[in-house]
Amino acid sequence: MPTFEGNLRYAPGTRFAILLTRWNARITDALLQGALKALRDHGVEEEGIDVFRIPGAWEIPQLAARLIAAERHDAIIALGCVVRGDTRHYEHVADNCAAALMQLASQSDIPLANGVLAVDRMEDAEARAGGVHGNKGEEAALAALEMLNLYDQLTELEAEEEEAIRAFIEEMGDEVEQLDSLPGATKQ
């Protein structure tokens, strides 16, 4: 049974887009530092990373869709922080951002890592932006690297399968020609 698993290798020349919200900047800047560290630690050059600073989480899917359509980046890392308040605004922004990112990710051919925190309290965000729960920006960058590698493996597998099908069709064509050349054969 074949098993496929991505690793943290990537092809030279790979471009990453990091979408970073300005809301809760202290938290999102820490997430950015975690993402940049992860990418650098795995050999990604500064020239291969574009950081887009945007107003808030609501705008992340909008820009992600534009970047996917532009086909200039090989992976997208979304970083933001939505903290629950006293109104339903939190649910609208956090839930719809996550749903839109999932839809974009499932419909595109490039990895889209979701590092947008949706937390009840600022302390929860701090714990996930370099605190006791690690750095979710770093985790999102590692997920993007791994998925990019997995996508590359699948592309290679698809190419191998297409080549095998072409070879089979060519072989069958030769056999059909041989059958057609037999005495009494009816040509198709």
# chains A, B, ... in the order shown; residues from 1 in each chain; ligands from 1
>>> residues_around(residues="A:Phe16", least_positions_apart="6", cutoff="6 Å", atoms="only C-alpha atoms", output="ChimeraX atom specification")
/A:49,73-76
>>> select_by_dssp(residues="chain A", states="helix (DSSP H, G or I)", output="MDAnalysis selection string")
chainID A and resid 25:41 46:48 57:70 89:107 122:128 136:180
>>> atom_distance(atom1="atom CA of A:Gln153", atom2="atom CA of A:Ser106")
17.5 Å
>>> residues_around(residues="stretch 93-95 of chain A", least_positions_apart="5", cutoff="12 Å", atoms="only C-alpha atoms", output="PyMOL selection string")
chain A and resi 56-61+80-85+87-88+100-102+114-120
>>> atom_distance(atom1="atom CA of A:Asp152", atom2="atom CA of A:Phe52")
25.0 Å
>>> closest_residue(among="A:Arg121, A:Arg9, A:Arg66, A:Lys136", to="A:Asp29", atoms="only C-alpha atoms")
A:Lys136
>>> select_by_dssp(residues="stretch 54-188 of chain A", states="strand (DSSP E)", output="MDAnalysis selection string")
chainID A and resid 54 75:83 112:119 129:131 134:135
>>> write_last_selection(atoms="N, CA and C atoms", output="short mmCIF file (atom, residue, chain, number, x, y, z; two decimals), in the first residue's frame")
data_model
loop_
_atom_site.label_atom_id
_atom_site.label_comp_id
_atom_site.auth_asym_id
_atom_site.auth_seq_id
_atom_site.Cartn_x
_atom_site.Cartn_y
_atom_site.Cartn_z
N ILE A 54 -2.35 43.45 5.82
CA ILE A 54 -3.73 43.80 5.48
C ILE A 54 -4.49 44.18 6.74
N ALA A 75 2.87 28.86 -2.30
CA ALA A 75 2.13 28.56 -1.07
C ALA A 75 1.76 29.87 -0.40
N ILE A 76 0.65 29.84 0.32
CA ILE A 76 0.16 31.02 1.04
C ILE A 76 0.00 30.66 2.51
N ILE A 77 0.46 31.57 3.37
CA ILE A 77 0.36 31.40 4.81
C ILE A 77 -0.45 32.57 5.36
N ALA A 78 -1.62 32.28 5.93
CA ALA A 78 -2.50 33.32 6.47
C ALA A 78 -2.27 33.43 7.98
N LEU A 79 -1.97 34.65 8.44
CA LEU A 79 -1.72 34.88 9.87
C LEU A 79 -2.59 36.03 10.36
N GLY A 80 -3.29 35.80 11.45
CA GLY A 80 -4.14 36.83 12.02
C GLY A 80 -4.56 36.44 13.42
N CYS A 81 -5.32 37.33 14.04
CA CYS A 81 -5.79 37.07 15.39
C CYS A 81 -7.14 37.76 15.60
N VAL A 82 -8.15 36.96 15.90
CA VAL A 82 -9.48 37.48 16.19
C VAL A 82 -9.79 37.11 17.64
N VAL A 83 -10.06 38.12 18.46
CA VAL A 83 -10.34 37.91 19.88
C VAL A 83 -11.83 38.15 20.11
N LEU A 112 -2.56 26.38 1.19
CA LEU A 112 -2.97 27.59 1.89
C LEU A 112 -3.06 27.21 3.37
N ALA A 113 -2.10 27.68 4.16
CA ALA A 113 -2.04 27.32 5.58
C ALA A 113 -2.76 28.38 6.41
N ASN A 114 -3.61 27.93 7.31
CA ASN A 114 -4.40 28.83 8.14
C ASN A 114 -3.75 28.99 9.52
N GLY A 115 -3.15 30.15 9.73
CA GLY A 115 -2.56 30.48 11.02
C GLY A 115 -3.30 31.63 11.67
N VAL A 116 -4.61 31.70 11.43
CA VAL A 116 -5.43 32.76 12.02
C VAL A 116 -5.96 32.27 13.36
N LEU A 117 -5.56 32.91 14.42
CA LEU A 117 -6.03 32.55 15.75
C LEU A 117 -7.44 33.06 15.96
N ALA A 118 -8.28 32.25 16.55
CA ALA A 118 -9.63 32.65 16.97
C ALA A 118 -9.72 32.28 18.44
N VAL A 119 -9.59 33.29 19.31
CA VAL A 119 -9.44 33.03 20.74
C VAL A 119 -10.46 33.81 21.56
N ALA A 129 1.21 32.56 20.42
CA ALA A 129 2.08 33.41 19.60
C ALA A 129 3.46 33.48 20.24
N GLY A 130 3.99 32.32 20.58
CA GLY A 130 5.31 32.24 21.19
C GLY A 130 5.28 31.94 22.67
N GLY A 131 4.09 31.71 23.21
CA GLY A 131 3.95 31.40 24.64
C GLY A 131 3.95 29.91 24.89
N GLY A 134 3.35 27.36 22.09
CA GLY A 134 4.18 27.47 20.89
C GLY A 134 3.82 28.68 20.05
N ASN A 135 4.18 28.60 18.78
CA ASN A 135 3.91 29.71 17.86
C ASN A 135 3.15 29.17 16.65
#
>>> atom_distance(atom1="atom CA of A:Glu45", atom2="atom CA of A:Ala125")
28.2 Å
